[in-house]
>>> print(open('work_36.txt').read())   # compact mmCIF, C-alpha atoms and all ligand atoms
# COMPACT_ATOMS: atom_id res chain seq x y z
CA MET W 17 39.34 7.66 71.24
CA ALA W 18 41.80 6.27 68.77
CA SER W 19 43.95 8.72 66.89
CA VAL W 20 45.91 7.46 63.89
CA PRO W 21 44.71 3.92 63.25
CA ARG W 22 47.31 1.32 64.20
CA VAL W 23 48.26 -1.48 61.87
CA LEU W 24 49.93 -4.76 62.76
CA ILE W 25 51.94 -6.19 59.89
CA VAL W 26 52.19 -9.95 59.66
CA ASP W 27 54.48 -11.50 57.08
CA GLN W 28 56.96 -14.32 57.41
CA ASP W 29 59.50 -12.40 55.36
CA PRO W 30 61.19 -9.59 57.35
CA GLU W 31 62.05 -7.72 54.20
CA ALA W 32 58.45 -7.76 53.03
CA ARG W 33 57.42 -6.52 56.51
CA TYR W 34 59.82 -3.64 56.18
CA GLY W 35 58.35 -2.73 52.79
CA ALA W 36 54.81 -2.99 54.13
CA ARG W 37 55.70 -0.77 57.08
CA GLN W 38 56.92 1.99 54.75
CA LEU W 39 53.72 1.81 52.74
CA VAL W 40 51.46 1.79 55.78
CA GLU W 41 53.11 4.97 57.01
CA GLN W 42 53.05 6.51 53.58
CA ALA W 43 49.32 5.80 53.53
CA GLY W 44 48.94 7.85 56.73
CA PHE W 45 48.54 5.01 59.23
CA GLN W 46 50.71 3.92 62.08
CA ALA W 47 52.64 0.65 61.76
CA SER W 48 52.48 -0.36 65.38
CA GLY W 49 54.01 -3.81 65.22
CA GLU W 50 55.40 -6.59 63.07
CA ALA W 51 55.28 -10.32 63.38
CA GLY W 52 55.99 -13.54 61.54
CA LEU W 53 53.44 -16.32 61.28
CA GLY W 54 51.91 -18.52 63.95
CA THR W 55 51.94 -17.81 67.65
CA GLU W 56 54.16 -14.77 67.20
CA ALA W 57 51.43 -13.08 65.15
CA VAL W 58 48.60 -14.18 67.42
CA ALA W 59 50.43 -13.02 70.56
CA GLN W 60 51.31 -9.64 69.03
CA ALA W 61 47.74 -9.14 67.87
CA SER W 62 46.31 -9.84 71.34
CA GLU W 63 48.85 -7.62 72.98
CA LEU W 64 48.75 -4.65 70.60
CA LYS W 65 45.04 -4.79 69.79
CA PRO W 66 45.65 -3.06 66.46
CA ASP W 67 42.86 -1.40 64.50
CA VAL W 68 43.72 -3.43 61.40
CA VAL W 69 45.99 -6.37 60.59
CA LEU W 70 47.82 -6.30 57.28
CA PHE W 71 48.68 -9.87 56.43
CA GLY W 72 51.07 -11.21 53.75
CA LEU W 73 50.08 -14.62 52.42
CA LYS W 74 52.91 -16.83 51.21
CA GLU W 75 53.58 -20.54 50.84
CA PRO W 76 53.09 -22.68 52.84
CA MET W 77 49.56 -21.32 52.52
CA ALA W 78 48.04 -23.63 55.12
CA ARG W 79 50.11 -22.09 57.90
CA ALA W 80 49.33 -18.54 56.81
CA ILE W 81 45.62 -19.29 56.64
CA GLN W 82 45.67 -20.91 60.07
CA THR W 83 47.25 -17.77 61.48
CA VAL W 84 44.55 -15.61 59.87
CA GLU W 85 41.90 -17.85 61.41
CA ALA W 86 43.54 -17.68 64.84
CA ILE W 87 43.62 -13.86 64.77
CA VAL W 88 40.00 -13.68 63.61
CA HIS W 89 39.10 -16.00 66.47
CA ASP W 90 40.91 -13.93 69.11
CA LEU W 91 40.07 -10.48 67.75
CA PRO W 92 36.81 -10.85 65.86
CA GLY W 93 36.31 -7.08 65.55
CA THR W 94 39.68 -6.40 63.96
CA PRO W 95 39.63 -6.36 60.17
CA ILE W 96 42.37 -8.28 58.39
CA ILE W 97 43.56 -7.18 54.99
CA THR W 98 45.55 -9.80 53.14
CA TYR W 99 47.95 -9.48 50.25
CA ALA W 100 49.79 -11.99 48.11
CA GLU W 101 51.86 -12.16 44.97
CA SER W 102 49.38 -14.46 43.40
CA SER W 103 45.77 -13.49 43.02
CA ASP W 104 44.58 -16.89 41.92
CA LEU W 105 41.09 -17.74 42.97
CA GLN W 106 42.16 -20.39 45.43
CA THR W 107 44.36 -18.04 47.46
CA VAL W 108 41.75 -15.31 47.56
CA ARG W 109 39.05 -17.74 48.48
CA LEU W 110 41.06 -19.28 51.30
CA ALA W 111 41.83 -15.85 52.69
CA MET W 112 38.20 -14.82 52.64
CA LEU W 113 36.93 -18.04 54.09
CA ALA W 114 39.42 -17.61 56.92
CA GLY W 115 37.77 -14.25 57.63
CA ALA W 116 39.92 -11.69 55.82
CA ARG W 117 38.20 -8.43 54.95
CA ASP W 118 40.03 -7.68 51.73
CA PHE W 119 42.65 -9.05 49.43
CA LEU W 120 45.25 -6.94 47.66
CA GLN W 121 47.62 -7.95 44.96
CA ALA W 122 51.30 -7.58 45.89
CA PRO W 123 53.40 -5.54 45.39
CA LEU W 124 51.26 -3.21 47.49
CA LYS W 125 50.57 0.30 46.33
CA ALA W 126 50.22 3.06 48.93
CA ASP W 127 47.06 4.43 47.39
CA GLU W 128 45.28 1.12 47.13
CA LEU W 129 46.41 0.19 50.60
CA ARG W 130 45.08 3.44 52.04
CA ARG W 131 41.71 2.89 50.41
CA SER W 132 41.49 -0.64 51.67
CA LEU W 133 42.53 0.29 55.23
CA THR W 134 40.11 3.22 55.28
CA ALA W 135 37.24 1.12 53.96
CA ALA W 136 37.92 -1.63 56.49
CA LEU W 137 37.98 0.85 59.36
CA GLU W 138 34.87 2.63 58.17
CA SER W 139 32.89 -0.52 57.81
CA GLU W 140 34.04 -1.65 61.25
CA GLU W 141 33.03 1.73 62.66
CA ARG W 142 29.61 1.45 61.04
CA ARG W 143 29.19 -2.05 62.36
CA LYS W 144 30.01 -0.79 65.85
CA LEU W 145 27.68 2.14 65.48
CA ARG W 146 24.89 -0.21 64.51
CA SER W 147 25.44 -2.57 67.39
CA ASP W 148 26.44 -0.10 70.15
CA ASP W 149 24.06 2.67 69.36
CA ALA W 150 21.01 0.69 68.43
CA ALA W 151 19.10 2.55 71.11
CA VAL W 152 20.46 5.94 70.13
CA LEU W 153 19.51 5.49 66.51
CA GLY W 154 16.50 3.40 67.20
CA PRO W 155 13.47 3.48 64.97
CA ARG W 156 11.94 6.43 66.78
CA GLY W 157 13.04 9.74 68.06
CA SER W 158 16.68 10.33 67.23
CA VAL W 159 17.93 13.88 67.41
CA ILE W 160 20.83 14.27 64.99
CA THR W 161 22.63 17.58 65.35
CA VAL W 162 24.88 18.64 62.50
CA PHE W 163 27.53 20.89 63.93
CA GLY W 164 30.88 22.21 62.75
CA ALA W 165 33.16 24.84 64.14
CA LYS W 166 33.65 26.69 60.90
CA GLY W 167 31.21 28.46 58.59
CA GLY W 168 31.09 26.96 55.11
CA ALA W 169 32.19 23.51 56.29
CA GLY W 170 29.03 21.98 54.88
CA LYS W 171 26.66 21.69 57.84
CA THR W 172 23.62 22.85 55.91
CA THR W 173 24.60 20.66 52.98
CA VAL W 174 24.83 17.60 55.23
CA ALA W 175 21.68 18.41 57.22
CA THR W 176 19.47 19.10 54.21
CA SER W 177 20.79 16.28 52.00
CA LEU W 178 20.55 13.77 54.80
CA ALA W 179 17.03 14.92 55.68
CA VAL W 180 15.85 14.50 52.09
CA ALA W 181 17.66 11.16 51.73
CA LEU W 182 16.08 9.82 54.93
CA ALA W 183 12.61 11.02 54.02
CA THR W 184 12.87 9.67 50.48
CA ARG W 185 14.34 6.24 50.99
CA SER W 186 13.27 5.25 54.45
CA ASP W 187 9.77 5.24 55.84
CA GLN W 188 10.81 7.54 58.65
CA SER W 189 9.20 10.87 59.37
CA VAL W 190 11.80 13.62 59.36
CA VAL W 191 11.77 17.14 60.72
CA LEU W 192 14.62 19.51 59.94
CA VAL W 193 15.11 22.29 62.45
CA ASP W 194 17.20 25.27 61.41
CA ALA W 195 18.93 26.26 64.63
CA ASP W 196 21.65 28.31 62.97
CA ASP W 197 21.46 31.41 65.11
CA SER W 198 23.39 33.59 62.71
CA PHE W 199 21.66 33.42 59.31
CA GLY W 200 19.97 30.07 58.90
CA ASP W 201 19.62 29.11 55.27
CA ALA W 202 18.27 25.56 55.40
CA ALA W 203 14.92 26.58 53.89
CA THR W 204 16.58 28.50 51.04
CA SER W 205 18.85 25.53 50.34
CA LEU W 206 15.72 23.43 49.97
CA GLY W 207 14.10 25.97 47.67
CA LEU W 208 11.36 26.81 50.16
CA GLY W 209 9.76 30.24 50.29
CA PRO W 210 9.51 32.20 53.55
CA GLY W 211 7.52 30.57 56.32
CA PRO W 212 6.97 30.39 60.05
CA SER W 213 10.16 30.03 62.02
CA VAL W 214 11.59 27.97 64.80
CA THR W 215 11.73 31.03 67.03
CA ASP W 216 7.99 31.58 66.46
CA ALA W 217 7.42 28.01 67.62
CA LEU W 218 9.71 28.39 70.62
CA ARG W 219 8.02 31.60 71.66
CA GLU W 220 4.59 30.02 71.58
CA PRO W 221 3.23 30.07 75.12
CA GLY W 222 1.59 27.04 76.65
CA PRO W 223 2.38 23.34 76.58
CA ILE W 224 5.48 22.34 74.69
CA ASP W 225 3.67 19.86 72.44
CA SER W 226 2.33 22.75 70.35
CA VAL W 227 5.87 23.29 69.11
CA ALA W 228 5.32 20.43 66.67
CA SER W 229 2.12 21.98 65.36
CA GLN W 230 1.73 22.11 61.58
CA ARG W 231 1.53 25.88 61.90
CA PHE W 232 5.28 26.06 62.41
CA LEU W 233 6.27 23.60 59.73
CA THR W 234 6.85 24.02 56.02
CA ARG W 235 6.61 20.85 53.96
CA HIS W 236 9.32 20.04 51.45
CA GLU W 237 8.32 17.89 48.47
CA SER W 238 10.42 15.00 49.79
CA GLY W 239 8.18 14.87 52.84
CA VAL W 240 10.64 16.57 55.19
CA ALA W 241 8.94 18.94 57.63
CA VAL W 242 11.05 22.05 57.93
CA MET W 243 11.17 24.41 60.86
CA GLN W 244 12.77 27.37 59.22
CA GLY W 245 15.32 29.74 60.68
CA PRO W 246 14.05 33.24 61.53
CA VAL W 247 14.62 36.07 59.09
CA SER W 248 16.75 37.95 61.60
CA PRO W 249 19.26 36.43 64.02
CA PHE W 250 17.93 38.86 66.66
CA GLU W 251 14.86 36.64 66.92
CA TRP W 252 17.02 34.19 68.89
CA ARG W 253 17.88 36.79 71.54
CA ASP W 254 15.33 35.93 74.18
CA ILE W 255 15.16 32.19 73.53
CA SER W 256 16.67 30.06 76.25
CA GLY W 257 18.71 26.95 75.60
CA GLU W 258 16.37 25.05 77.93
CA ARG W 259 13.35 25.94 75.84
CA LEU W 260 15.09 24.74 72.68
CA LYS W 261 16.10 21.46 74.35
CA GLU W 262 12.53 20.84 75.48
CA ALA W 263 11.28 21.57 71.99
CA LEU W 264 13.76 19.16 70.37
CA ALA W 265 12.77 16.48 72.86
CA GLU W 266 9.13 17.06 72.03
CA LEU W 267 9.79 16.92 68.29
CA SER W 268 11.61 13.63 68.79
CA ARG W 269 8.44 12.22 70.32
CA GLN W 270 6.49 13.20 67.24
CA PHE W 271 9.00 12.43 64.47
CA ASP W 272 11.30 9.50 63.86
CA VAL W 273 14.26 11.72 63.09
CA VAL W 274 14.91 15.30 64.14
CA LEU W 275 17.77 16.75 62.14
CA VAL W 276 19.22 19.97 63.47
CA ASP W 277 21.26 22.38 61.38
CA THR W 278 23.39 24.75 63.44
CA GLY W 279 25.64 27.79 63.25
CA SER W 280 29.38 27.62 63.73
CA THR W 281 29.71 29.21 67.14
CA LEU W 282 29.33 27.56 70.50
CA SER W 283 26.46 29.82 71.45
CA GLU W 284 23.79 28.93 73.99
CA VAL W 285 21.60 27.83 71.08
CA SER W 286 24.26 25.54 69.60
CA LEU W 287 25.10 24.09 73.00
CA ALA W 288 21.46 23.25 73.56
CA THR W 289 21.29 21.44 70.21
CA LEU W 290 24.45 19.50 71.07
CA GLN W 291 23.13 18.52 74.47
CA ALA W 292 19.79 17.44 73.06
CA ALA W 293 21.43 15.26 70.42
CA SER W 294 21.49 11.50 70.42
CA LEU W 295 24.08 11.80 67.68
CA VAL W 296 26.27 14.71 66.66
CA LEU W 297 27.63 14.75 63.13
CA TRP W 298 30.63 16.99 63.53
CA VAL W 299 31.46 18.39 60.11
CA THR W 300 35.02 19.34 59.35
CA THR W 301 36.87 19.91 56.10
CA PRO W 302 40.36 18.87 55.07
CA ASP W 303 42.03 22.20 55.74
CA TYR W 304 44.05 23.53 58.62
CA ALA W 305 41.66 26.28 59.62
CA SER W 306 38.73 23.91 59.94
CA ALA W 307 40.70 21.24 61.79
CA HIS W 308 42.11 23.89 64.10
CA ASP W 309 38.70 25.36 64.88
CA SER W 310 37.35 21.87 65.53
CA VAL W 311 40.15 21.09 67.96
CA ARG W 312 39.43 24.25 69.91
CA ALA W 313 35.69 23.72 69.92
CA LEU W 314 36.11 20.10 71.06
CA GLN W 315 38.34 21.30 73.88
CA VAL W 316 35.71 23.77 75.00
CA LEU W 317 33.02 21.12 74.73
CA SER W 318 34.96 18.76 76.95
CA THR W 319 34.23 21.20 79.79
CA VAL W 320 30.45 21.02 79.44
CA PRO W 321 28.28 17.99 80.03
CA ILE W 322 27.98 16.47 76.58
CA ASP W 323 28.39 12.80 75.94
CA ASP W 324 31.54 12.61 73.87
CA GLU W 325 30.59 9.15 72.62
CA ARG W 326 27.77 10.72 70.65
CA ILE W 327 30.08 12.80 68.51
CA ARG W 328 30.97 11.42 65.06
CA LEU W 329 33.37 13.09 62.72
CA VAL W 330 32.20 13.76 59.19
CA LEU W 331 34.92 14.81 56.79
CA ASN W 332 33.31 16.92 54.09
CA VAL W 333 35.70 17.36 51.21
CA ASN W 334 34.40 20.74 50.09
CA THR W 335 37.24 21.59 47.73
CA PRO W 336 39.02 19.63 45.02
CA GLU W 337 42.38 20.23 46.69
CA LEU W 338 43.19 18.57 49.96
CA ASP W 339 45.11 20.82 52.29
CA VAL W 340 45.61 18.15 54.92
CA SER W 341 45.19 14.40 54.64
CA PRO W 342 42.27 12.62 56.31
CA ALA W 343 44.77 10.89 58.57
CA SER W 344 46.10 14.26 59.78
CA VAL W 345 42.56 15.43 60.48
CA GLU W 346 42.08 12.33 62.61
CA THR W 347 45.35 12.92 64.41
CA ALA W 348 44.55 16.57 65.07
CA LEU W 349 41.09 15.82 66.37
CA GLY W 350 42.04 12.64 68.19
CA ARG W 351 39.14 10.73 66.73
CA GLN W 352 38.40 8.63 63.71
CA ILE W 353 36.48 9.80 60.72
CA PHE W 354 33.06 8.21 60.77
CA TRP W 355 31.95 9.35 57.35
CA THR W 356 33.49 11.05 54.36
CA VAL W 357 31.49 13.13 51.92
CA PRO W 358 33.51 13.45 48.72
CA TYR W 359 34.02 16.64 46.77
CA ASP W 360 31.40 17.05 44.08
CA ARG W 361 30.84 20.23 42.11
CA GLN W 362 27.19 19.30 41.77
CA VAL W 363 26.74 20.11 45.46
CA ARG W 364 27.33 23.80 44.93
CA ARG W 365 25.46 23.86 41.65
CA SER W 366 22.38 22.25 43.09
CA ALA W 367 22.48 24.50 46.17
CA GLN W 368 22.36 27.49 43.84
CA ILE W 369 19.05 26.33 42.41
CA GLY W 370 17.60 25.50 45.82
CA ARG W 371 17.89 21.75 45.59
CA THR W 372 19.89 19.21 47.51
CA VAL W 373 22.38 17.13 45.60
CA VAL W 374 20.40 13.98 46.33
CA GLU W 375 17.53 15.43 44.30
CA ALA W 376 19.53 17.20 41.61
CA ASP W 377 22.12 14.52 40.91
CA PRO W 378 20.98 11.39 42.75
CA ASN W 379 23.61 9.10 41.26
CA GLY W 380 26.57 11.43 41.74
CA VAL W 381 29.34 10.76 44.24
CA ALA W 382 28.14 13.17 46.92
CA ALA W 383 24.53 12.01 46.65
CA THR W 384 25.60 8.37 46.87
CA SER W 385 27.48 9.18 50.04
CA PHE W 386 24.33 10.79 51.53
CA TRP W 387 22.08 7.90 50.50
CA ASP W 388 24.52 5.50 52.15
CA LEU W 389 24.77 7.63 55.27
CA ALA W 390 20.98 7.68 55.51
CA THR W 391 20.90 3.90 55.15
CA VAL W 392 23.56 3.39 57.78
CA LEU W 393 21.87 5.77 60.22
CA SER W 394 18.60 3.94 59.82
CA GLY W 395 20.33 0.69 60.65
CA GLY W 396 20.98 -0.82 57.23
CA SER W 397 24.03 -1.61 55.17
CA PRO W 398 24.79 0.53 52.16
CA ALA W 399 24.41 -1.19 48.82
CA PRO W 400 27.68 -2.51 47.41
CA ARG W 401 28.72 -0.56 44.38
CA LYS W 402 32.24 -0.97 43.25
CA ARG W 403 33.09 -4.61 43.36
CA SER W 404 36.54 -5.43 44.56
CA ILE W 405 38.76 -7.99 42.92
CA LEU W 406 37.61 -10.24 45.71
CA GLY W 407 33.95 -9.61 45.08
CA ARG W 408 34.43 -10.47 41.45
CA LEU W 409 36.42 -13.58 42.19
CA LEU W 410 34.08 -14.83 44.81
CA ASN W 411 31.09 -14.08 42.70
CA GLY W 412 29.50 -11.87 45.31
CA ARG W 413 29.64 -14.38 48.11
CA LYS W 414 31.30 -12.03 50.50
CA ARG W 415 29.43 -8.87 49.88
CA ALA W 416 30.89 -6.99 52.79
CA VAL W 417 34.21 -6.79 51.06
CA GLY W 418 34.74 -3.61 49.17
CA ALA W 419 31.15 -2.61 49.75
CA SER W 420 30.57 1.09 49.70
CA ARG W 421 34.18 1.93 49.69
CA GLN W 422 34.40 5.60 50.40
CA GLU W 423 37.08 7.44 48.61
CA VAL W 424 38.72 10.70 49.47
CA ARG W 425 40.66 12.35 46.74
CA ALA W 426 44.27 12.66 47.59
N1 LIG W 501 31.15 17.99 49.36
C1 LIG W 501 31.04 19.18 48.76
N2 LIG W 501 31.47 19.35 47.48
C2 LIG W 501 31.37 20.55 46.88
N3 LIG W 501 30.85 21.66 47.45
C3 LIG W 501 30.41 21.57 48.71
C4 LIG W 501 30.47 20.33 49.43
N4 LIG W 501 29.95 20.55 50.66
C5 LIG W 501 29.58 21.84 50.72
N5 LIG W 501 29.83 22.46 49.55
C6 LIG W 501 29.55 23.88 49.25
O1 LIG W 501 30.19 24.68 50.24
C7 LIG W 501 29.39 25.81 50.58
C8 LIG W 501 29.15 25.87 52.07
O2 LIG W 501 28.34 24.78 52.47
P1 LIG W 501 27.22 24.92 53.60
O3 LIG W 501 26.58 23.59 53.71
O4 LIG W 501 26.34 26.09 53.38
O5 LIG W 501 28.16 25.18 54.88
P2 LIG W 501 27.75 25.60 56.38
O6 LIG W 501 26.31 25.32 56.57
O7 LIG W 501 28.63 24.76 57.24
O8 LIG W 501 28.10 27.05 56.52
C9 LIG W 501 28.12 25.68 49.77
O9 LIG W 501 28.23 26.49 48.61
C10 LIG W 501 28.07 24.22 49.38
O10 LIG W 501 27.38 24.03 48.17
MG MG W 502 24.78 26.59 57.20
>>> encode(input="work_36.txt", output="structure tokens")
Amino acid sequence: MASVPRVLIVDQDPEARYGARQLVEQAGFQASGEAGLGTEAVAQASELKPDVVLFGLKEPMARAIQTVEAIVHDLPGTPIITYAESSDLQTVRLAMLAGARDFLQAPLKADELRRSLTAALESEERRKLRSDDAAVLGPRGSVITVFGAKGGAGKTTVATSLAVALATRSDQSVVLVDADDSFGDAATSLGLGPGPSVTDALREPGPIDSVASQRFLTRHESGVAVMQGPVSPFEWRDISGERLKEALAELSRQFDVVLVDTGSTLSEVSLATLQAASLVLWVTTPDYASAHDSVRALQVLSTVPIDDERIRLVLNVNTPELDVSPASVETALGRQIFWTVPYDRQVRRSAQIGRTVVEADPNGVAATSFWDLATVLSGGSPAPRKRSILGRLLNGRKRAVGASRQEVRA
């Protein structure tokens, strides 16, 4: 898997390339090559296969635009971000028609560049997820396990918010299984009173299909069926991983989406949920301890049969201060961030009153991120919100640009 995303810088002016290189690195990306226009750029792009191309547009514009087109033709999956001194409509339009993903006004600013690069990579990642994993996240029967190697990272927040978002805005049936084998608190986070537990269901003798019986489910007002965690972690003692896997498979036959909240240890229970998953949302936070625990857990996991391709990194910014940059988290974990949930104080506030942030503050930044994640996981494109300079100039013709730009506070 890619570590720090690699950027190819194309500009006919060597001095401008040098400046761009500094900014790319400042933004936390790797400047992996430089080229002038024409065949030099096209050859470098094919050879390096960068994750993004950063492209300076200068007169003569026709040549620059031809080069953009040639790169798009050879590497259709590689986003190109253009920049130019002039932001007149004609330049922007030409760049977009040639296939550029974004347009930035020069001189570049590190912050703006980082946002644009991150957004381009994220939308490419989502596009890939949609096309590659169509079967995994098909209309029926996905098991999505929310795991994270550190307590407090935000697993329950992600699992409950996503469950409610999916049940509310898609027509999918959703069951949330609390498989945190320490002290599961998914039901409390959803404001549900005590109810039958997942360990009751797993202990039920007889055919496995009874696991999905209404008797073991508590209904949340959003429509999510909740299989609550047991009152005491000891209830998990005699439950085998195999039994849990069978139960999750059975639930996935009866519900469109099975969301699984987990604990933070690689116990037999957690391992079973990871093995049963068609998708693992691996929650980490931007601090050293969390990144470190994730690295160790991923190392351990590489020794058991779990399809690594199913694991997607979710960066949950659970504090207003970033300890480490998103790029360092990616470097440490050797994989790209699939989704970022921004810091939002409403998350904690709503949890305290037993509601998810998507219910309590549906238009806030964290909720928006969960609505979008739900949309993406059910195969759609998130609604464009903040319109980029390009979007404004092109009057919405290229909606992909700047759509759902996710921002991490730096
Ligand atoms: N993006 C966020 N912004 C602000 N607070 C958050 C965010 N994500 C999680 N929290 C808070 O962090 C705490 C731990 O989250 P929780 O989901 O219970 O973690 P876990 O299930 O991984 O132990 C909770 O109080 C929650 O409200
Ligand atoms: Mg939890």
>>> residues_around(input="work_36.txt", residues="Glu50 in chain W", least_positions_apart="2", cutoff="6 Å", atoms="all atoms listed in the file", output="list in words")
Leu24, Ile25 and Val26 of chain W
>>> write_last_selection(input="work_36.txt", atoms="C-alpha atoms", output="CSV table (one decimal), in the coordinates of the input")
chain,number,residue,atom,x,y,z
W,24,LEU,CA,49.9,-4.8,62.8
W,25,ILE,CA,51.9,-6.2,59.9
W,26,VAL,CA,52.2,-10.0,59.7
>>> closest_residue(input="work_36.txt", among="W:Leu297, W:Ala263, W:Ala59, W:Arg371", to="Glu220 in chain W", atoms="only C-alpha atoms")
W:Ala263
>>> closest_residue(input="work_36.txt", among="W:Gln46, W:Ser268, W:Thr384, W:Thr83", to="Ala292 in chain W", atoms="all atoms listed in the file")
W:Ser268
>>> closest_atom_pairs(input="work_36.txt", of="chain W", to="ligand LIG 501 (chain W)", cutoff="6 Å", atoms="all atoms listed in the file", output="tab-separated table")
residue	atom	partner	partner_atom	distance
W:Gly167	CA	W:LIG501	O8	4.0
W:Gly168	CA	W:LIG501	O8	3.3
W:Ala169	CA	W:LIG501	O7	3.9
W:Gly170	CA	W:LIG501	O3	3.2
W:Lys171	CA	W:LIG501	O7	3.7
W:Thr172	CA	W:LIG501	O6	3.7
W:Thr173	CA	W:LIG501	O3	3.6
W:Asn332	CA	W:LIG501	N1	5.3
W:Val333	CA	W:LIG501	N1	5.0
W:Asn334	CA	W:LIG501	C1	3.9
W:Val357	CA	W:LIG501	N1	5.5
W:Pro358	CA	W:LIG501	N1	5.2
W:Tyr359	CA	W:LIG501	N2	3.8
W:Asp360	CA	W:LIG501	N2	4.1
W:Arg361	CA	W:LIG501	C2	4.8
W:Val363	CA	W:LIG501	O10	4.8
W:Arg364	CA	W:LIG501	O10	3.2
W:Ala367	CA	W:LIG501	O10	5.3
>>> residues_near_ligand(input="work_36.txt", ligand="ligand MG 502 (chain W)", cutoff="10 Å", atoms="all atoms listed in the file", output="JSON, numbers by chain")
{"W": [162, 163, 164, 166, 167, 168, 169, 170, 171, 172, 173, 174, 175, 176, 194, 195, 196, 197, 198, 199, 200, 201, 202, 205, 277, 278, 279, 280]}
>>> atom_distance(input="work_36.txt", atom1="CA of Leu290 in chain W", atom2="CA of Pro342 in chain W")
24.1 Å
>>> axis_aligned_box(input="work_36.txt", around="range 100-117 of chain W", padding_each_side="6 Å", output="AutoDock Vina command-line options")
--center_x 44.4 --center_y -14.4 --center_z 49.8 --size_x 26.9 --size_y 24.0 --size_z 27.7
>>> residues_around(input="work_36.txt", residues="Gln291 in chain W", least_positions_apart="4", cutoff="8 Å", atoms="only C-alpha atoms", output="compact mmCIF listing (two decimals) with C-alpha atoms, in the coordinates of the input")
# COMPACT_ATOMS: atom_id res chain seq x y z
CA LYS W 261 16.10 21.46 74.35
CA LEU W 287 25.10 24.09 73.00
CA PRO W 321 28.28 17.99 80.03
CA ILE W 322 27.98 16.47 76.58
CA ASP W 323 28.39 12.80 75.94
>>> residues_around(input="work_36.txt", residues="Val193 in chain W", least_positions_apart="6", cutoff="7 Å", atoms="all atoms listed in the file", output="ChimeraX atom specification")
/W:242-244,275-277
>>> atom_distance(input="work_36.txt", atom1="CA of Ser238 in chain W", atom2="CA of Asp272 in chain W")
15.1 Å
